[in-house]
There are 2 protein chains.
Amino acid sequence: MTEQTKIDELVTNCAKEALAASRVMANLPAHRKNVALLKMAEMLERRTDELLAANARDVEAARIGGLSGAMLDRLLLDPKRIAKIALGVRQVAELPDPVGEQLEKSVRPNGLDIRKVRVPIGVIGIIYESRPNVTIDCAVLCFKSGNACLLRGGRESYHSNVALVKCVHEVLESEGLPKASVSFIETTERYALHRLLKLDQYVHCIIPRGGEGLIRMVTEEAHMPVIKHYKGVCNAYIDKAADKDMAVKIVTNAKVQRPGVCNAIENLVVHQDVVDSVFPYVARSLVRNGVELRCDVRSRMALEAFGGFSNLKDASEDDYHEEYLDLVIAVRVVHDTEAAIQFVNTYGSAHSDVIISGDEAAAKAFMAGVDSATVYWNASTRFTDGFEFGMGAEIGISTDKLHARGPMGLKELTTYKYVIYGQGQIRS
Amino acid sequence: MTEQTKIDELVTNCAKEALAASRVMANLPAHRKNVALLKMAEMLERRTDELLAANARDVEAARIGGLSGAMLDRLLLDPKRIAKIALGVRQVAELPDPVGEQLEKSVRPNGLDIRKVRVPIGVIGIIYESRPNVTIDCAVLCFKSGNACLLRGGRESYHSNVALVKCVHEVLESEGLPKASVSFIETTERYALHRLLKLDQYVHCIIPRGGEGLIRMVTEEAHMPVIKHYKGVCNAYIDKAADKDMAVKIVTNAKVQRPGVCNAIENLVVHQDVVDSVFPYVARSLVRNGVELRCDVRSRMALEAFGGFSNLKDASEDDYHEEYLDLVIAVRVVHDTEAAIQFVNTYGSAHSDVIISGDEAAAKAFMAGVDSATVYWNASTRFTDGFEFGMGAEIGISTDKLHARGPMGLKELTTYKYVIYGQGQIRS
């Protein structure tokens, strides 16, 4: 048997077993899922030493391989992080079970009683990079929503992932539940990933988490639906009716509170009527927080006239498309709200955008015209997050338009089926 | 410029214009859409002669090309069919507009007012084969739900489609609406289709309608999500607690009332306890309606013992996977409901399945265990249809698990966005 044939078999068996497990999971009562989740949390804590030992192997290999500080930090587990993972598992146990909810019901003139009922999706493939906590976060969200998951973690965190999954499997076995409901592909061969993406007869959906390159590859190759966001190019628009203090507060928070995440803003759009009045104060606050400004001609003129700014840079066309994930912001002045909407729809990534304005008509036009998952009026884009939305947890954020948009929690891991009660009706 | 470059440009421009038009459509009030729809219906009727002339060109070419009777019939327009298409347009005008519906609302502890609001998807690509009525059906469903559509019809119905789209465009122009909200790709070159499937920056979703080969090709090539069903292998299960008359009535209706459609049954599953009592009457009714039976050993034995059957055939493993779309049915005897569920999940295509039973426990187990878009208890599978479900019309039926499952109407052509009202909230 060639190496490729072996991997084929491994991945296919893994997917088949996950599908079989998903049938069991689909009709499992909430209390059985919750008991298992609480035991998983306990097991993770009890096995902290083993988890740390496995993680140390990964970290050592990564260090030798020359992984950088931030990347190394993502990979690292410590007792505090393991405790936090376990806490997350307990929180998921406490969330309501979405499965079985009746979404719609109608009785047709012929007496057919048609019910639209929430059910799990089936098998969810999760493809991710180096953060080992994703293994547990995704596993328990899929588990609680009655799905089987098929985990494909990054090469860097392989030993950590195997150790984490082992904890989950021990609980599943002791609870008499199928181990394959949390399946982990036990190879870091790239070929296994390519194979997995073709198995649409067993895997119903792929959620990739990681860099844009990985996500593009997955989207191009997958035969099954993929839910994703490529990047978060979020925008703040300071309208002519913006309150100065609110503009300073919101823009500063959205840019600097945590610049490395997808819901931080990358572009600032300013109405020409306030570019000399409100904008310089916003710019000053950003600069004081270490942000580099990349300006168009008009905004640069405003700051130079205002005074006190040095190191201003010119924005290129590419800057407006860029997800900096850093303390950098690009500025564009527009002549009205319609132009601001156009800007956001052209350069943004349909993630999260905000209008700062005291004018309801402008705000409503912006919220209607901007074609993004999440549109804010007078609040920071940093709130786009499953926990902040009251979903308890999130498996990711979607900038797609189908199935789920924005933060995705337990409900977004379900679909529905029509269950129809008849009394012998036939079609004439 | 090479031929391919010209097609590239044509398709890309078409998609870009559709995207721009979709922004206008997204915020168009219902009454403007309804006025335009009523005028489209009128225009189709008024232009009947021109439509028939264009269609005659297609039919003539198809006849010369050797198209067969059933295929030719699909292609054909006549005054009655045009009137029916126009009637469908008027019905869509009368349906409620799904856009703007508030799906959820929550006010978070920090005062953020989060509303989940129904919005159009954007640009929907429809790829279909020879039936020209699909052009108008899909165009008006997309139009009413605030989407722009990008139509790619089959080569056979090209002139008919161009003439139909011309009627729509005249109305759009006279109503001051963007013509590109109903875009038609004016080339039958295969290369145009391949190009279209890569344009995920402009086209948000593809709905392919046609044979399994076309749909598989689209699914493999498309960079955007595809909503589809490959085929309809629907199953009826006669439980041991089935009423004989009801079994005869439902199975006969589901098989013979219109055998060429996706919601007709292809397999009959029979509980062993009723294979000698109920099943022969069902089989007799099927045979009297011209159905060919392909039996497993046990069901064949039952019919031979019962007597009066000739020409019974043996079912092969492939038969149970087959979508006959014809007066043929495959029969399998099972020892309990669990085995019936296994059979349906193994051989069915997750479209529509039915249990015929007087036993509520068996029925509930079947409806919970069968992983299909639509599961019936004591009614014909032929009801899986947007009109029968009360959706007014349908753009297709999905056996996918994401976004939409089962019959898809106006609501299924929408997504949602989060619109968030703040008073200056920032994240700490």
# chains A, B, ... in the order shown; residues from 1 in each chain; ligands from 1
>>> residues_around(residues="Asn110 in chain B", least_positions_apart="3", cutoff="10 Å", atoms="only C-alpha atoms", output="NGL selection string")
(:A and (388)) or (:B and (107 or 113 or 422-423 or 425-427))
>>> write_last_selection(atoms="C-alpha atoms", output="CSV table (one decimal), in the first residue's frame")
chain,number,residue,atom,x,y,z
A,388,GLU,CA,-20.9,40.0,23.2
B,107,VAL,CA,-30.9,44.5,24.1
B,113,ASP,CA,-29.8,47.1,20.7
B,422,GLY,CA,-25.6,52.1,20.1
B,423,GLN,CA,-25.2,55.2,22.3
B,425,GLN,CA,-20.6,51.9,23.6
B,426,ILE,CA,-17.0,50.8,23.5
B,427,ARG,CA,-15.5,47.5,24.4
>>> closest_atom_pairs(of="chain A", to="chain B", cutoff="8 Å", atoms="only C-alpha atoms", output="CSV")
residue,atom,partner,partner_atom,distance
A:Arg23,CA,B:Gly369,CA,7.3
A:Asn27,CA,B:Ala368,CA,7.1
A:Arg108,CA,B:Gly390,CA,7.4
A:Leu112,CA,B:Ala379,CA,8.0
A:Ile114,CA,B:Phe389,CA,7.7
A:Ile121,CA,B:Lys401,CA,6.1
A:His204,CA,B:Lys401,CA,6.9
A:Cys205,CA,B:Leu402,CA,7.7
A:Thr219,CA,B:His223,CA,6.7
A:Glu220,CA,B:His223,CA,5.9
A:His223,CA,B:Glu220,CA,5.9
A:Pro225,CA,B:Pro225,CA,6.2
A:Val226,CA,B:Pro225,CA,7.7
A:Met246,CA,B:Gly424,CA,5.9
A:Lys249,CA,B:Ile426,CA,7.4
A:Ile250,CA,B:Ile426,CA,6.0
A:Asn253,CA,B:Ile426,CA,6.1
A:Ala254,CA,B:Ile426,CA,7.6
A:Gln257,CA,B:Ser428,CA,7.5
A:Met367,CA,B:Val419,CA,6.6
A:Ala368,CA,B:Asn27,CA,7.1
A:Gly369,CA,B:Arg23,CA,7.3
A:Ser372,CA,B:Lys417,CA,6.9
A:Ala373,CA,B:Lys417,CA,5.0
A:Thr374,CA,B:Tyr418,CA,4.6
A:Val375,CA,B:Val419,CA,5.1
A:Tyr376,CA,B:Ile420,CA,4.7
A:Trp377,CA,B:Tyr421,CA,5.1
A:Asn378,CA,B:Gly422,CA,4.8
A:Ala379,CA,B:Gln425,CA,4.8
A:Ser380,CA,B:Ile426,CA,5.0
A:Arg382,CA,B:Arg427,CA,6.2
A:Phe383,CA,B:Arg427,CA,6.6
A:Phe389,CA,B:Arg108,CA,7.4
A:Gly390,CA,B:Arg108,CA,7.4
A:Lys401,CA,B:Ile121,CA,6.1
A:Leu402,CA,B:His403,CA,5.5
A:His403,CA,B:His403,CA,3.6
A:Ala404,CA,B:His403,CA,7.3
A:Arg405,CA,B:Lys417,CA,6.8
A:Gly406,CA,B:Tyr418,CA,7.5
A:Thr415,CA,B:Lys401,CA,6.2
A:Tyr416,CA,B:Arg405,CA,6.9
A:Lys417,CA,B:Ala373,CA,5.0
A:Tyr418,CA,B:Thr374,CA,4.6
A:Val419,CA,B:Val375,CA,5.1
A:Ile420,CA,B:Tyr376,CA,4.6
A:Tyr421,CA,B:Trp377,CA,5.1
A:Gly422,CA,B:Asn378,CA,4.9
A:Gln423,CA,B:Asn378,CA,5.6
A:Gly424,CA,B:Ala379,CA,4.9
A:Gln425,CA,B:Ala379,CA,4.8
A:Ile426,CA,B:Ser380,CA,5.0
A:Arg427,CA,B:Arg382,CA,6.3
A:Ser428,CA,B:Gln257,CA,7.6
>>> write_last_selection(atoms="C-alpha atoms", output="compact mmCIF listing (two decimals), in the first residue's frame")
# COMPACT_ATOMS: atom_id res chain seq x y z
CA ARG A 23 -26.70 9.85 13.61
CA ASN A 27 -31.10 12.43 18.78
CA ARG A 108 -52.39 23.20 5.00
CA LEU A 112 -51.15 18.25 6.25
CA ILE A 114 -46.00 20.76 8.34
CA ILE A 121 -26.11 19.69 10.43
CA HIS A 204 -21.59 18.35 5.38
CA CYS A 205 -19.75 21.56 6.06
CA THR A 219 -12.72 27.30 -0.36
CA GLU A 220 -11.28 26.50 -3.78
CA HIS A 223 -16.73 19.98 -2.53
CA PRO A 225 -20.08 24.14 1.66
CA VAL A 226 -17.52 26.26 3.51
CA MET A 246 -18.20 60.01 20.63
CA LYS A 249 -14.06 57.37 21.82
CA ILE A 250 -15.48 54.88 19.30
CA ASN A 253 -11.58 51.84 20.81
CA ALA A 254 -12.30 50.15 17.49
CA GLN A 257 -8.24 48.17 22.01
CA MET A 367 -27.18 50.71 7.88
CA ALA A 368 -29.41 49.88 4.90
CA GLY A 369 -26.79 50.57 2.24
CA SER A 372 -22.00 43.73 5.70
CA ALA A 373 -22.76 41.07 8.27
CA THR A 374 -22.88 43.65 11.06
CA VAL A 375 -23.55 47.38 10.81
CA TYR A 376 -23.35 49.66 13.87
CA TRP A 377 -24.72 53.09 14.65
CA ASN A 378 -22.66 54.78 17.35
CA ALA A 379 -20.89 51.78 18.85
CA SER A 380 -17.51 50.11 18.48
CA ARG A 382 -15.24 45.39 18.51
CA PHE A 383 -18.59 44.02 19.73
CA PHE A 389 -23.95 39.09 21.06
CA GLY A 390 -25.26 36.85 23.83
CA LYS A 401 -24.12 35.42 2.84
CA LEU A 402 -25.53 31.92 2.96
CA HIS A 403 -26.57 29.96 6.06
CA ALA A 404 -24.98 32.19 8.68
CA ARG A 405 -23.68 35.74 8.79
CA GLY A 406 -21.68 37.38 11.53
CA THR A 415 -30.13 23.27 10.04
CA TYR A 416 -33.80 22.27 9.89
CA LYS A 417 -35.92 19.52 8.52
CA TYR A 418 -39.59 19.38 7.60
CA VAL A 419 -41.50 16.82 9.63
CA ILE A 420 -44.96 16.30 8.18
CA TYR A 421 -47.93 14.64 9.86
CA GLY A 422 -50.57 13.28 7.48
CA GLN A 423 -53.72 11.21 7.62
CA GLY A 424 -53.34 9.51 4.25
CA GLN A 425 -53.16 12.63 2.02
CA ILE A 426 -52.24 12.02 -1.60
CA ARG A 427 -51.60 14.52 -4.37
CA SER A 428 -54.15 14.85 -7.12
>>> residues_around(residues="Ser160 in chain B", least_positions_apart="6", cutoff="7 Å", atoms="only C-alpha atoms", output="list in words")
Leu51, Ala54, Asn55, Asp58 and Pro132 of chain B
>>> write_last_selection(atoms="C-alpha atoms", output="short mmCIF file (atom, residue, chain, number, x, y, z; two decimals), in the first residue's frame")
data_model
loop_
_atom_site.label_atom_id
_atom_site.label_comp_id
_atom_site.auth_asym_id
_atom_site.auth_seq_id
_atom_site.Cartn_x
_atom_site.Cartn_y
_atom_site.Cartn_z
CA LEU B 51 -42.11 34.85 -27.87
CA ALA B 54 -38.33 33.05 -30.97
CA ASN B 55 -39.29 29.73 -29.44
CA ASP B 58 -35.20 27.02 -30.86
CA PRO B 132 -37.58 28.51 -20.94
#
>>> select_by_dssp(residues="range 148-374 of chain A", states="strand (DSSP E or B)", output="MDAnalysis selection string")
chainID A and resid 148:152 182:184 205:209 226 234:238 265:271 292:295 313:314 328:334 352:356 374
>>> write_last_selection(atoms="N, CA and C atoms", output="compact mmCIF listing (two decimals), in the first residue's frame")
# COMPACT_ATOMS: atom_id res chain seq x y z
N ALA A 148 -21.39 15.72 14.82
CA ALA A 148 -20.06 15.13 14.96
C ALA A 148 -19.09 16.10 14.32
N CYS A 149 -17.89 16.20 14.88
CA CYS A 149 -16.90 17.06 14.24
C CYS A 149 -15.70 16.24 13.81
N LEU A 150 -15.07 16.75 12.76
CA LEU A 150 -13.89 16.11 12.21
C LEU A 150 -12.81 17.19 12.27
N LEU A 151 -11.87 17.01 13.19
CA LEU A 151 -10.89 18.07 13.44
C LEU A 151 -9.60 17.82 12.66
N ARG A 152 -9.15 18.87 12.01
CA ARG A 152 -7.87 18.80 11.33
C ARG A 152 -7.06 20.01 11.80
N VAL A 182 -16.32 13.08 18.17
CA VAL A 182 -15.22 14.05 18.11
C VAL A 182 -14.04 13.34 17.45
N SER A 183 -13.95 13.48 16.14
CA SER A 183 -12.91 12.78 15.38
C SER A 183 -11.75 13.71 15.12
N PHE A 184 -10.56 13.17 15.22
CA PHE A 184 -9.37 13.96 14.97
C PHE A 184 -8.54 13.21 13.92
N CYS A 205 -20.10 20.15 5.98
CA CYS A 205 -19.75 21.56 6.06
C CYS A 205 -18.32 21.68 6.59
N ILE A 206 -17.60 22.65 6.06
CA ILE A 206 -16.24 22.89 6.55
C ILE A 206 -16.17 24.30 7.12
N ILE A 207 -15.60 24.43 8.30
CA ILE A 207 -15.31 25.75 8.86
C ILE A 207 -13.80 25.88 8.99
N PRO A 208 -13.18 26.67 8.13
CA PRO A 208 -11.73 26.87 8.24
C PRO A 208 -11.44 28.06 9.13
N ARG A 209 -10.43 27.94 9.97
CA ARG A 209 -10.03 29.05 10.83
C ARG A 209 -8.53 29.24 10.69
N VAL A 226 -18.52 25.73 2.59
CA VAL A 226 -17.52 26.26 3.51
C VAL A 226 -18.09 27.54 4.12
N CYS A 234 -12.64 46.27 8.49
CA CYS A 234 -13.78 46.98 9.06
C CYS A 234 -13.56 48.49 8.93
N ASN A 235 -14.66 49.23 8.83
CA ASN A 235 -14.57 50.66 8.56
C ASN A 235 -15.41 51.47 9.55
N ALA A 236 -14.89 52.63 9.94
CA ALA A 236 -15.68 53.58 10.72
C ALA A 236 -15.92 54.82 9.86
N TYR A 237 -17.15 55.30 9.85
CA TYR A 237 -17.49 56.50 9.08
C TYR A 237 -17.93 57.60 10.05
N ILE A 238 -17.19 58.72 10.02
CA ILE A 238 -17.55 59.87 10.84
C ILE A 238 -18.41 60.78 9.96
N ILE A 265 -11.06 48.13 13.39
CA ILE A 265 -11.20 48.85 12.12
C ILE A 265 -9.83 49.06 11.46
N GLU A 266 -9.88 49.14 10.13
CA GLU A 266 -8.66 49.35 9.33
C GLU A 266 -8.76 50.66 8.53
N ASN A 267 -9.97 51.11 8.26
CA ASN A 267 -10.18 52.34 7.49
C ASN A 267 -11.05 53.33 8.27
N LEU A 268 -10.74 54.62 8.09
CA LEU A 268 -11.55 55.68 8.67
C LEU A 268 -12.06 56.55 7.52
N VAL A 269 -13.38 56.67 7.43
CA VAL A 269 -14.00 57.47 6.38
C VAL A 269 -14.57 58.72 7.06
N VAL A 270 -14.28 59.90 6.49
CA VAL A 270 -14.66 61.14 7.16
C VAL A 270 -15.48 62.02 6.21
N HIS A 271 -16.59 62.53 6.69
CA HIS A 271 -17.39 63.48 5.90
C HIS A 271 -16.60 64.79 5.78
N GLU A 292 -0.34 54.67 13.32
CA GLU A 292 0.19 55.35 12.13
C GLU A 292 -0.97 55.69 11.21
N LEU A 293 -1.03 56.98 10.76
CA LEU A 293 -2.12 57.41 9.88
C LEU A 293 -1.65 57.42 8.43
N ARG A 294 -2.45 56.83 7.55
CA ARG A 294 -2.18 56.91 6.11
C ARG A 294 -3.34 57.68 5.48
N CYS A 295 -3.02 58.90 5.01
CA CYS A 295 -4.07 59.87 4.68
C CYS A 295 -4.24 60.06 3.18
N LYS A 313 1.56 59.68 6.66
CA LYS A 313 1.89 59.00 5.40
C LYS A 313 0.74 59.15 4.42
N ASP A 314 1.06 58.97 3.15
CA ASP A 314 0.02 59.01 2.13
C ASP A 314 -0.58 57.61 1.96
N VAL A 328 -2.20 50.70 12.50
CA VAL A 328 -2.14 51.48 11.26
C VAL A 328 -3.59 51.71 10.83
N ILE A 329 -3.90 52.89 10.30
CA ILE A 329 -5.25 53.14 9.79
C ILE A 329 -5.15 54.00 8.53
N ALA A 330 -6.01 53.71 7.55
CA ALA A 330 -6.05 54.50 6.33
C ALA A 330 -7.27 55.41 6.37
N VAL A 331 -7.10 56.66 5.90
CA VAL A 331 -8.16 57.67 6.02
C VAL A 331 -8.62 58.13 4.63
N ARG A 332 -9.93 58.27 4.46
CA ARG A 332 -10.47 58.76 3.19
C ARG A 332 -11.57 59.77 3.50
N VAL A 333 -11.55 60.93 2.84
CA VAL A 333 -12.60 61.94 3.02
C VAL A 333 -13.63 61.76 1.91
N VAL A 334 -14.91 61.83 2.28
CA VAL A 334 -15.99 61.67 1.29
C VAL A 334 -16.92 62.88 1.38
N SER A 352 -17.72 44.15 9.75
CA SER A 352 -18.36 45.04 10.72
C SER A 352 -18.01 46.49 10.37
N ASP A 353 -19.01 47.34 10.31
CA ASP A 353 -18.78 48.74 9.96
C ASP A 353 -19.67 49.61 10.85
N VAL A 354 -19.23 50.86 11.05
CA VAL A 354 -19.98 51.73 11.95
C VAL A 354 -20.11 53.14 11.37
N ILE A 355 -21.28 53.73 11.57
CA ILE A 355 -21.47 55.16 11.31
C ILE A 355 -21.57 55.86 12.65
N ILE A 356 -20.83 56.95 12.77
CA ILE A 356 -20.93 57.78 13.98
C ILE A 356 -21.65 59.04 13.55
N THR A 374 -22.56 42.90 9.85
CA THR A 374 -22.88 43.65 11.06
C THR A 374 -22.65 45.14 10.80
>>> residues_around(residues="range 77-81 of chain A", least_positions_apart="3", cutoff="9 Å", atoms="only C-alpha atoms", output="list in words")
Glu45, Thr48, Asp49, Leu51, Leu52, Asn55, Ala56, Asp73, Arg74, Lys84, Ile85, Ala86, Pro132, Asn133 and Ser160 of chain A
>>> select_by_dssp(residues="range 222-397 of chain A", states="alpha helix (DSSP H)", output="PyMOL selection string")
chain A and resi 244-256+279-288+297-306+317-321+337-347+360-369
>>> residues_around(residues="Gly290 in chain B", least_positions_apart="2", cutoff="9 Å", atoms="only C-alpha atoms", output="MDAnalysis selection string")
chainID B and resid 256 285:288 292 327:328
